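As stored in coords-v7.cif (mmCIF, C-alpha atoms and all ligand atoms):
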```cif
data_data
loop_
_atom_site.group_PDB
_atom_site.id
_atom_site.type_symbol
_atom_site.label_atom_id
_atom_site.label_comp_id
_atom_site.auth_asym_id
_atom_site.auth_seq_id
_atom_site.Cartn_x
_atom_site.Cartn_y
_atom_site.Cartn_z
ATOM 1 C CA MET A 74 -2.427 4.709 10.916
ATOM 2 C CA LEU A 75 -3.125 6.181 7.503
ATOM 3 C CA LEU A 76 0.036 7.482 5.857
ATOM 4 C CA PRO A 77 0.517 9.112 2.448
ATOM 5 C CA ILE A 78 4.061 8.686 1.070
ATOM 6 C CA ALA A 79 5.036 11.077 -1.725
ATOM 7 C CA ASN A 80 7.167 10.291 -4.780
ATOM 8 C CA VAL A 81 7.467 6.539 -4.398
ATOM 9 C CA LEU A 82 7.829 6.395 -8.182
ATOM 10 C CA THR A 83 9.608 9.037 -10.257
ATOM 11 C CA ALA A 84 7.770 10.847 -13.079
ATOM 12 C CA GLU A 85 9.723 8.701 -15.572
ATOM 13 C CA GLN A 86 8.650 5.482 -13.839
ATOM 14 C CA VAL A 87 5.015 6.619 -13.774
ATOM 15 C CA ALA A 88 5.173 7.429 -17.508
ATOM 16 C CA HIS A 89 6.720 4.025 -18.248
ATOM 17 C CA CYS A 90 4.059 2.175 -16.205
ATOM 18 C CA ARG A 91 1.252 4.068 -17.919
ATOM 19 C CA ALA A 92 2.592 3.398 -21.409
ATOM 20 C CA ARG A 93 2.785 -0.328 -20.616
ATOM 21 C CA LEU A 94 -0.696 -0.331 -19.035
ATOM 22 C CA GLU A 95 -2.222 1.353 -22.078
ATOM 23 C CA SER A 96 -1.399 -1.610 -24.330
ATOM 24 C CA ALA A 97 -2.028 -4.311 -21.687
ATOM 25 C CA ASP A 98 -4.816 -6.893 -21.716
ATOM 26 C CA TRP A 99 -7.237 -5.980 -18.935
ATOM 27 C CA ALA A 100 -9.657 -8.367 -17.247
ATOM 28 C CA ASP A 101 -12.750 -7.966 -15.075
ATOM 29 C CA GLY A 102 -11.664 -6.862 -11.579
ATOM 30 C CA ARG A 103 -13.840 -9.483 -9.899
ATOM 31 C CA ILE A 104 -11.082 -12.070 -10.556
ATOM 32 C CA THR A 105 -9.378 -11.248 -7.243
ATOM 33 C CA ALA A 106 -12.462 -10.279 -5.254
ATOM 34 C CA GLY A 107 -13.785 -12.428 -2.445
ATOM 35 C CA HIS A 108 -17.386 -13.653 -2.568
ATOM 36 C CA GLN A 109 -18.813 -10.673 -0.726
ATOM 37 C CA SER A 110 -16.694 -7.942 -2.347
ATOM 38 C CA ALA A 111 -17.374 -9.262 -5.885
ATOM 39 C CA LYS A 112 -20.845 -7.775 -5.590
ATOM 40 C CA ALA A 113 -19.403 -4.352 -4.772
ATOM 41 C CA LYS A 114 -16.588 -4.315 -7.334
ATOM 42 C CA ASP A 115 -16.744 -2.850 -10.838
ATOM 43 C CA ASN A 116 -13.372 -2.127 -12.452
ATOM 44 C CA ALA A 117 -10.720 -3.608 -14.713
ATOM 45 C CA GLN A 118 -7.605 -5.335 -13.487
ATOM 46 C CA LEU A 119 -4.462 -6.935 -14.908
ATOM 47 C CA PRO A 120 -4.412 -10.710 -14.315
ATOM 48 C CA GLU A 121 -1.838 -11.531 -11.571
ATOM 49 C CA ASP A 122 0.200 -13.714 -13.900
ATOM 50 C CA SER A 123 0.313 -11.249 -16.801
ATOM 51 C CA ASP A 124 3.775 -10.279 -18.033
ATOM 52 C CA VAL A 125 2.970 -6.571 -17.708
ATOM 53 C CA ALA A 126 1.803 -6.969 -14.085
ATOM 54 C CA ARG A 127 5.008 -8.826 -13.217
ATOM 55 C CA GLU A 128 7.278 -6.350 -14.991
ATOM 56 C CA LEU A 129 5.633 -3.275 -13.443
ATOM 57 C CA GLY A 130 5.225 -4.997 -10.078
ATOM 58 C CA ALA A 131 8.993 -5.475 -9.961
ATOM 59 C CA ILE A 132 9.488 -1.722 -10.543
ATOM 60 C CA VAL A 133 7.131 -0.935 -7.646
ATOM 61 C CA LEU A 134 8.802 -3.463 -5.314
ATOM 62 C CA GLU A 135 12.245 -2.102 -6.161
ATOM 63 C CA ALA A 136 11.070 1.458 -5.433
ATOM 64 C CA LEU A 137 9.578 0.332 -2.105
ATOM 65 C CA SER A 138 12.818 -1.376 -1.107
ATOM 66 C CA ARG A 139 14.610 1.982 -1.370
ATOM 67 C CA ASN A 140 11.929 3.973 0.476
ATOM 68 C CA SER A 141 12.855 4.431 4.143
ATOM 69 C CA THR A 142 9.477 5.940 5.092
ATOM 70 C CA PHE A 143 7.686 2.892 3.705
ATOM 71 C CA PHE A 144 10.022 0.576 5.605
ATOM 72 C CA SER A 145 9.668 2.493 8.846
ATOM 73 C CA ALA A 146 5.860 2.684 8.669
ATOM 74 C CA ALA A 147 5.146 -0.842 7.387
ATOM 75 C CA LEU A 148 8.057 -2.848 8.841
ATOM 76 C CA PRO A 149 7.335 -5.268 6.008
ATOM 77 C CA LYS A 150 7.822 -8.976 6.382
ATOM 78 C CA ARG A 151 6.446 -9.702 2.914
ATOM 79 C CA VAL A 152 4.862 -7.616 0.179
ATOM 80 C CA PHE A 153 2.244 -9.152 -2.116
ATOM 81 C CA PRO A 154 3.209 -8.811 -5.818
ATOM 82 C CA PRO A 155 1.630 -5.468 -6.829
ATOM 83 C CA LEU A 156 -1.602 -5.588 -8.848
ATOM 84 C CA PHE A 157 -2.939 -2.929 -11.226
ATOM 85 C CA ASN A 158 -6.449 -1.619 -11.739
ATOM 86 C CA ARG A 159 -8.337 0.848 -13.907
ATOM 87 C CA TYR A 160 -11.594 2.710 -13.303
ATOM 88 C CA ALA A 161 -13.433 4.682 -16.013
ATOM 89 C CA GLY A 162 -16.961 5.382 -17.240
ATOM 90 C CA GLY A 163 -18.606 5.530 -13.816
ATOM 91 C CA GLN A 164 -16.896 2.421 -12.417
ATOM 92 C CA SER A 165 -16.500 2.149 -8.641
ATOM 93 C CA PHE A 166 -15.823 -0.253 -5.794
ATOM 94 C CA ASP A 167 -18.284 -0.016 -2.914
ATOM 95 C CA TYR A 168 -17.452 -0.448 0.793
ATOM 96 C CA HIS A 169 -15.597 -3.654 1.662
ATOM 97 C CA VAL A 170 -12.820 -5.034 3.833
ATOM 98 C CA ASP A 171 -9.988 -6.799 1.985
ATOM 99 C CA ASN A 172 -9.545 -10.542 2.521
ATOM 100 C CA ALA A 173 -7.424 -11.270 5.610
ATOM 101 C CA ILE A 174 -5.271 -13.831 3.807
ATOM 102 C CA ARG A 175 -3.996 -13.630 0.237
ATOM 103 C CA TYR A 176 -2.191 -16.361 -1.634
ATOM 104 C CA ASP A 177 0.914 -15.303 -3.516
ATOM 105 C CA ARG A 178 1.316 -17.745 -6.414
ATOM 106 C CA SER A 179 4.190 -15.921 -8.110
ATOM 107 C CA GLY A 180 6.781 -18.429 -6.877
ATOM 108 C CA GLY A 181 4.949 -21.425 -8.359
ATOM 109 C CA ARG A 182 3.200 -22.471 -5.140
ATOM 110 C CA ALA A 183 0.592 -20.656 -3.060
ATOM 111 C CA GLU A 184 2.159 -18.824 -0.125
ATOM 112 C CA ALA A 185 -0.213 -17.318 2.416
ATOM 113 C CA LEU A 186 0.247 -13.664 3.337
ATOM 114 C CA ARG A 187 -1.689 -11.921 6.126
ATOM 115 C CA THR A 188 -2.877 -8.520 4.869
ATOM 116 C CA ASP A 189 -1.876 -6.313 7.825
ATOM 117 C CA LEU A 190 -1.596 -3.247 5.570
ATOM 118 C CA SER A 191 -3.157 -2.211 2.286
ATOM 119 C CA ALA A 192 -1.485 0.175 -0.157
ATOM 120 C CA THR A 193 -2.662 2.122 -3.190
ATOM 121 C CA LEU A 194 -0.097 3.728 -5.489
ATOM 122 C CA PHE A 195 -1.687 6.347 -7.741
ATOM 123 C CA LEU A 196 -0.613 6.323 -11.402
ATOM 124 C CA SER A 197 -3.032 8.980 -12.723
ATOM 125 C CA ALA A 198 -2.790 12.658 -11.770
ATOM 126 C CA PRO A 199 -5.822 13.974 -9.809
ATOM 127 C CA GLU A 200 -6.706 16.477 -12.554
ATOM 128 C CA GLU A 201 -7.034 13.706 -15.142
ATOM 129 C CA TYR A 202 -10.239 12.295 -13.657
ATOM 130 C CA ASP A 203 -13.280 13.247 -11.573
ATOM 131 C CA GLY A 204 -14.339 11.071 -8.654
ATOM 132 C CA GLY A 205 -12.230 8.005 -7.912
ATOM 133 C CA GLU A 206 -11.384 9.057 -4.360
ATOM 134 C CA LEU A 207 -10.290 6.229 -2.083
ATOM 135 C CA VAL A 208 -12.493 6.625 0.994
ATOM 136 C CA ILE A 209 -11.137 4.919 4.107
ATOM 137 C CA GLU A 210 -13.012 4.509 7.390
ATOM 138 C CA ASP A 211 -11.183 3.599 10.543
ATOM 139 C CA THR A 212 -10.432 4.766 14.077
ATOM 140 C CA PHE A 213 -9.034 7.925 12.444
ATOM 141 C CA GLY A 214 -12.499 8.741 11.014
ATOM 142 C CA THR A 215 -13.405 8.861 7.323
ATOM 143 C CA GLN A 216 -10.643 10.049 4.998
ATOM 144 C CA SER A 217 -10.971 10.781 1.297
ATOM 145 C CA ILE A 218 -7.711 10.172 -0.544
ATOM 146 C CA LYS A 219 -6.687 11.300 -4.034
ATOM 147 C CA LEU A 220 -2.941 11.666 -4.449
ATOM 148 C CA ALA A 221 -0.481 12.794 -7.114
ATOM 149 C CA ALA A 222 0.750 10.227 -9.630
ATOM 150 C CA GLY A 223 3.652 8.344 -8.059
ATOM 151 C CA ASP A 224 2.381 8.829 -4.467
ATOM 152 C CA LEU A 225 1.204 6.003 -2.260
ATOM 153 C CA VAL A 226 -1.192 5.687 0.667
ATOM 154 C CA LEU A 227 -0.651 3.066 3.327
ATOM 155 C CA TYR A 228 -3.580 2.096 5.597
ATOM 156 C CA PRO A 229 -4.548 -0.735 7.942
ATOM 157 C CA GLY A 230 -5.883 -3.837 6.212
ATOM 158 C CA THR A 231 -8.658 -3.887 8.797
ATOM 159 C CA SER A 232 -10.210 -0.668 7.403
ATOM 160 C CA LEU A 233 -13.515 -0.479 5.592
ATOM 161 C CA HIS A 234 -12.850 1.323 2.280
ATOM 162 C CA LYS A 235 -14.302 2.104 -1.154
ATOM 163 C CA VAL A 236 -13.444 3.829 -4.442
ATOM 164 C CA LEU A 237 -15.986 6.437 -5.568
ATOM 165 C CA PRO A 238 -17.290 6.319 -9.157
ATOM 166 C CA VAL A 239 -14.914 7.748 -11.780
ATOM 167 C CA THR A 240 -17.205 10.076 -13.718
ATOM 168 C CA ARG A 241 -14.610 11.591 -16.085
ATOM 169 C CA GLY A 242 -11.299 10.296 -17.395
ATOM 170 C CA THR A 243 -9.416 7.203 -16.246
ATOM 171 C CA ARG A 244 -7.945 6.324 -12.864
ATOM 172 C CA LEU A 245 -4.971 3.953 -13.004
ATOM 173 C CA ALA A 246 -3.410 2.595 -9.825
ATOM 174 C CA SER A 247 -1.342 -0.171 -8.365
ATOM 175 C CA PHE A 248 -2.542 -1.841 -5.178
ATOM 176 C CA PHE A 249 -1.107 -4.497 -2.908
ATOM 177 C CA TRP A 250 -0.898 -5.786 0.637
ATOM 178 C CA ILE A 251 1.844 -6.083 3.203
ATOM 179 C CA GLN A 252 2.358 -8.585 5.977
ATOM 180 C CA SER A 253 4.182 -6.664 8.669
ATOM 181 C CA MET A 254 6.642 -7.886 11.280
ATOM 182 C CA LEU A 255 4.235 -6.152 13.689
ATOM 183 C CA ARG A 256 0.709 -7.453 13.542
ATOM 184 C CA GLU A 257 -0.969 -4.609 15.443
ATOM 185 C CA ASP A 258 -1.533 -1.187 13.934
ATOM 186 C CA ALA A 259 -1.018 0.487 17.340
ATOM 187 C CA GLN A 260 2.442 -1.086 17.651
ATOM 188 C CA ARG A 261 3.390 -0.035 14.111
ATOM 189 C CA ARG A 262 2.299 3.517 14.828
ATOM 190 C CA LEU A 263 4.391 3.700 18.025
ATOM 191 C CA MET A 264 7.466 2.346 16.247
ATOM 192 C CA PHE A 265 6.982 4.755 13.353
ATOM 193 C CA GLU A 266 6.643 7.761 15.656
ATOM 194 C CA LEU A 267 9.683 6.667 17.646
ATOM 195 C CA ASP A 268 11.720 6.250 14.467
ATOM 196 C CA VAL A 269 10.640 9.655 13.106
ATOM 197 C CA SER A 270 11.580 11.380 16.378
ATOM 198 C CA ILE A 271 14.968 9.635 16.504
ATOM 199 C CA ARG A 272 15.657 10.814 12.944
ATOM 200 C CA ARG A 273 14.729 14.394 13.819
ATOM 201 C CA LEU A 274 16.970 14.379 16.879
ATOM 202 C CA THR A 275 19.798 12.859 14.814
ATOM 203 C CA GLN A 276 19.558 15.893 12.525
ATOM 204 C CA SER A 277 19.391 18.598 15.201
ATOM 205 C CA VAL A 278 21.511 17.154 18.070
ATOM 206 C CA PRO A 279 23.573 14.389 16.425
ATOM 207 C CA GLU A 280 26.069 14.135 19.318
ATOM 208 C CA HIS A 281 23.551 13.836 22.132
ATOM 209 C CA PRO A 282 24.340 10.692 24.177
ATOM 210 C CA ALA A 283 20.633 9.965 24.801
ATOM 211 C CA LEU A 284 20.279 9.162 21.088
ATOM 212 C CA VAL A 285 22.144 5.900 21.610
ATOM 213 C CA GLN A 286 19.765 5.014 24.438
ATOM 214 C CA LEU A 287 16.702 5.957 22.427
ATOM 215 C CA THR A 288 17.884 3.926 19.441
ATOM 216 C CA GLY A 289 18.361 1.038 21.858
ATOM 217 C CA VAL A 290 14.763 1.410 23.037
ATOM 218 C CA TYR A 291 13.594 1.259 19.403
ATOM 219 C CA HIS A 292 15.457 -1.951 18.710
ATOM 220 C CA ASN A 293 14.554 -3.564 22.005
ATOM 221 C CA LEU A 294 10.851 -2.900 21.442
ATOM 222 C CA LEU A 295 11.175 -4.334 17.950
ATOM 223 C CA ARG A 296 12.953 -7.400 19.356
ATOM 224 C CA ARG A 297 10.095 -7.834 21.824
ATOM 225 C CA TRP A 298 7.243 -7.456 19.337
ATOM 226 C CA ALA A 299 8.456 -8.436 15.891
ATOM 227 C CA GLU A 300 7.635 -11.684 14.092
ATOM 228 C CA PRO A 301 10.433 -11.527 11.509
HETATM 229 NI NI NI B 1 -9.996 -3.184 -1.150
#
```
Show me the file's structure as structure tokens.
Ligand code: NI
Amino acid sequence: MLLPIANVLTAEQVAHCRARLESADWADGRITAGHQSAKAKDNAQLPEDSDVARELGAIVLEALSRNSTFFSAALPKRVFPPLFNRYAGGQSFDYHVDNAIRYDRSGGRAEALRTDLSATLFLSAPEEYDGGELVIEDTFGTQSIKLAAGDLVLYPGTSLHKVLPVTRGTRLASFFWIQSMLREDAQRRLMFELDVSIRRLTQSVPEHPALVQLTGVYHNLLRRWAEP
């Protein structure tokens, strides 16, 4: 499932992140690339342990924790500390699949996280740059994604994806991975659709007795499938 989520960050939060990123110390993006993807990758990235990455990452994580659509679609078990990247002057990232396992070293020791879902949070407005589309290939076909600043796209970690060359302006984004309580994309999609339909029914027929039953089905499926 590929899902755009609008307004994850407010305009004020986007402006704050961008101001901090402008004065940050950037490094070559190959620092977090695997052996194969290093050949495809050409961008700048904040080092994982940089103060700016940690400060802004905390803002993103806090925003995600309040976003019910993100929770419902990802059913997150753990979220990797958000990273930040920058593309300009023709930079791009050719087709690759993200590493299956990432090591989160933010707590002092390396904790393995399975990358069930990938996320990109756009921090530049689409009109500020040419190119830079995130192209994602999966069972849903090929999708070209370029969202408003503050919006996020969630997609399966199994997808082949690339970032097209940025031929004008600068593209700033945050990106990270999520280990879900549900390993399979098909299960996450079913649970998301069930949750969305329960919410719609709760709005239009809040007193209907079948809602209790349906909510029970949701939780009993989750109990059956989840690895919390
Ligand atoms: Ni990637």
Within 7 Å of ligand NI 1 (chain B) (only C-alpha atoms and all ligand atoms), residues as a list of chain:residue names: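 Checked against 7 Å with only C-alpha atoms and all ligand atoms; the hits are A:His169, A:Val170, A:Asp171, A:His234, A:Lys235.
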Within 8 Å of segment 294-300 of chain A using only C-alpha atoms, minus same-chain residues under 4 positions, as a PyMOL selection string: chain A and resi 254-255+264+290
Please give the centre and size of the box around segment 206-215 of chain A (axis-aligned, containing every atom listed in the file, 5 Å added per side), with values in Å to one decimal and written as lines of an AutoDock Vina configuration file.
```
center_x = -11.2
center_y = 6.3
center_z = 4.9
size_x = 14.4
size_y = 15.5
size_z = 28.4
```
Shortest interatomic distance to Glu85 of chain A - which of A:Leu227, A:Ile132, A:Leu194, A:Leu148, counting only C-alpha atoms: A:Ile132
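Reported to one decimal place, the separation of atom CA of Leu220 of chain A from atom CA of Gly204 of chain A is 12.2 Å.
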Residues in the PyMOL selection byres (((chain A and resi 198) around 12) and not hetatm), expressed as a ChimeraX atom specification: /A:84,87-88,91,194-197,199-203,205-206,219-224,242-246
Within-10 Å shell of (-13.0, 8.1, -2.0) in input frame, only C-alpha atoms, as a list of chain:residue names: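 Checked against the point, the hits come out as A:Ser165, A:Phe166, A:Asp167, A:Gly204, A:Gly205, A:Glu206, A:Leu207, A:Val208, A:Ile209, A:Thr215, A:Gln216, A:Ser217, A:Ile218, A:Lys219, A:His234, A:Lys235, A:Val236, A:Leu237, A:Pro238, A:Val239.
Restricting the calculation to only C-alpha atoms, the smallest distance between Tyr168 of chain A and any of A:Arg139, A:Lys114, A:Ser191, A:Val125 is found for A:Lys114.
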Minimum-distance residue to Gln118 of chain A, chosen among A:Arg151, A:Arg262, A:Arg159, A:Arg93 (using only C-alpha atoms):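 The closest residue to Gln118 of chain A is A:Arg159.
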Counting only C-alpha atoms, the residue of A:Ser123, A:Asn140, A:Thr240, A:Gln109 that sits nearest Ile78 of chain A: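 That would be A:Asn140, the residue with the smallest distance to Ile78 of chain A.
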Distance criterion (all atoms listed in the file): nearest to His108 of chain A out of A:Asn172, A:Thr212, A:Glu135, A:Asn158: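 Comparing A:Asn172, A:Thr212, A:Glu135, A:Asn158 against His108 of chain A, the winner is A:Asn172.
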Nearest to Leu137 of chain A, chosen from A:Leu190, A:Ala113, A:Leu82, A:Ala173, with all atoms listed in the file counted in the distances: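 Nearest candidate to Leu137 of chain A out of A:Leu190, A:Ala113, A:Leu82, A:Ala173: A:Leu82.
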Could you state which residues are captured by the PyMOL selection byres (((chain A and resi 147) around 9) and not hetatm) in this file, as an mmCIF file with C-alpha atoms, keeping the file's coordinate frame?
```cif
data_model
loop_
_atom_site.group_PDB
_atom_site.id
_atom_site.type_symbol
_atom_site.label_atom_id
_atom_site.label_comp_id
_atom_site.auth_asym_id
_atom_site.auth_seq_id
_atom_site.Cartn_x
_atom_site.Cartn_y
_atom_site.Cartn_z
ATOM 1 C CA THR A 142 9.477 5.940 5.092
ATOM 2 C CA PHE A 143 7.686 2.892 3.705
ATOM 3 C CA PHE A 144 10.022 0.576 5.605
ATOM 4 C CA SER A 145 9.668 2.493 8.846
ATOM 5 C CA ALA A 146 5.860 2.684 8.669
ATOM 6 C CA LEU A 148 8.057 -2.848 8.841
ATOM 7 C CA PRO A 149 7.335 -5.268 6.008
ATOM 8 C CA LYS A 150 7.822 -8.976 6.382
ATOM 9 C CA ASP A 189 -1.876 -6.313 7.825
ATOM 10 C CA LEU A 190 -1.596 -3.247 5.570
ATOM 11 C CA LEU A 227 -0.651 3.066 3.327
ATOM 12 C CA ILE A 251 1.844 -6.083 3.203
ATOM 13 C CA GLN A 252 2.358 -8.585 5.977
ATOM 14 C CA SER A 253 4.182 -6.664 8.669
ATOM 15 C CA MET A 254 6.642 -7.886 11.280
ATOM 16 C CA LEU A 255 4.235 -6.152 13.689
ATOM 17 C CA ARG A 261 3.390 -0.035 14.111
ATOM 18 C CA PHE A 265 6.982 4.755 13.353
#
```
Separation of atom CA of Gly289 of chain A from atom CA of Ser270 of chain A, in Å and rounded to one decimal: 13.5 Å
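Separating atom CA of Glu184 of chain A from atom CA of Ala117 of chain A is a distance of 24.7 Å.
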Picked residues, the PyMOL selection byres (((chain A and resi 122) around 12) and not hetatm), expected as JSON, numbers by chain: {"A": [98, 99, 100, 104, 105, 118, 119, 120, 121, 123, 124, 125, 126, 127, 128, 129, 130, 154, 155, 156, 157, 177, 178, 179, 180, 181]}
Can I get the selected residues back with C-alpha atoms, as a PDB file, in the frame of the given file?
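The result, written out as result-v6.pdb:
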```
ATOM      1  CA  ASP A  98      -4.816  -6.893 -21.716  1.00  0.00           C
ATOM      2  CA  TRP A  99      -7.237  -5.980 -18.935  1.00  0.00           C
ATOM      3  CA  ALA A 100      -9.657  -8.367 -17.247  1.00  0.00           C
ATOM      4  CA  ILE A 104     -11.082 -12.070 -10.556  1.00  0.00           C
ATOM      5  CA  THR A 105      -9.378 -11.248  -7.243  1.00  0.00           C
ATOM      6  CA  GLN A 118      -7.605  -5.335 -13.487  1.00  0.00           C
ATOM      7  CA  LEU A 119      -4.462  -6.935 -14.908  1.00  0.00           C
ATOM      8  CA  PRO A 120      -4.412 -10.710 -14.315  1.00  0.00           C
ATOM      9  CA  GLU A 121      -1.838 -11.531 -11.571  1.00  0.00           C
ATOM     10  CA  SER A 123       0.313 -11.249 -16.801  1.00  0.00           C
ATOM     11  CA  ASP A 124       3.775 -10.279 -18.033  1.00  0.00           C
ATOM     12  CA  VAL A 125       2.970  -6.571 -17.708  1.00  0.00           C
ATOM     13  CA  ALA A 126       1.803  -6.969 -14.085  1.00  0.00           C
ATOM     14  CA  ARG A 127       5.008  -8.826 -13.217  1.00  0.00           C
ATOM     15  CA  GLU A 128       7.278  -6.350 -14.991  1.00  0.00           C
ATOM     16  CA  LEU A 129       5.633  -3.275 -13.443  1.00  0.00           C
ATOM     17  CA  GLY A 130       5.225  -4.997 -10.078  1.00  0.00           C
ATOM     18  CA  PRO A 154       3.209  -8.811  -5.818  1.00  0.00           C
ATOM     19  CA  PRO A 155       1.630  -5.468  -6.829  1.00  0.00           C
ATOM     20  CA  LEU A 156      -1.602  -5.588  -8.848  1.00  0.00           C
ATOM     21  CA  PHE A 157      -2.939  -2.929 -11.226  1.00  0.00           C
ATOM     22  CA  ASP A 177       0.914 -15.303  -3.516  1.00  0.00           C
ATOM     23  CA  ARG A 178       1.316 -17.745  -6.414  1.00  0.00           C
ATOM     24  CA  SER A 179       4.190 -15.921  -8.110  1.00  0.00           C
ATOM     25  CA  GLY A 180       6.781 -18.429  -6.877  1.00  0.00           C
ATOM     26  CA  GLY A 181       4.949 -21.425  -8.359  1.00  0.00           C
TER      27      GLY A 181
END
```
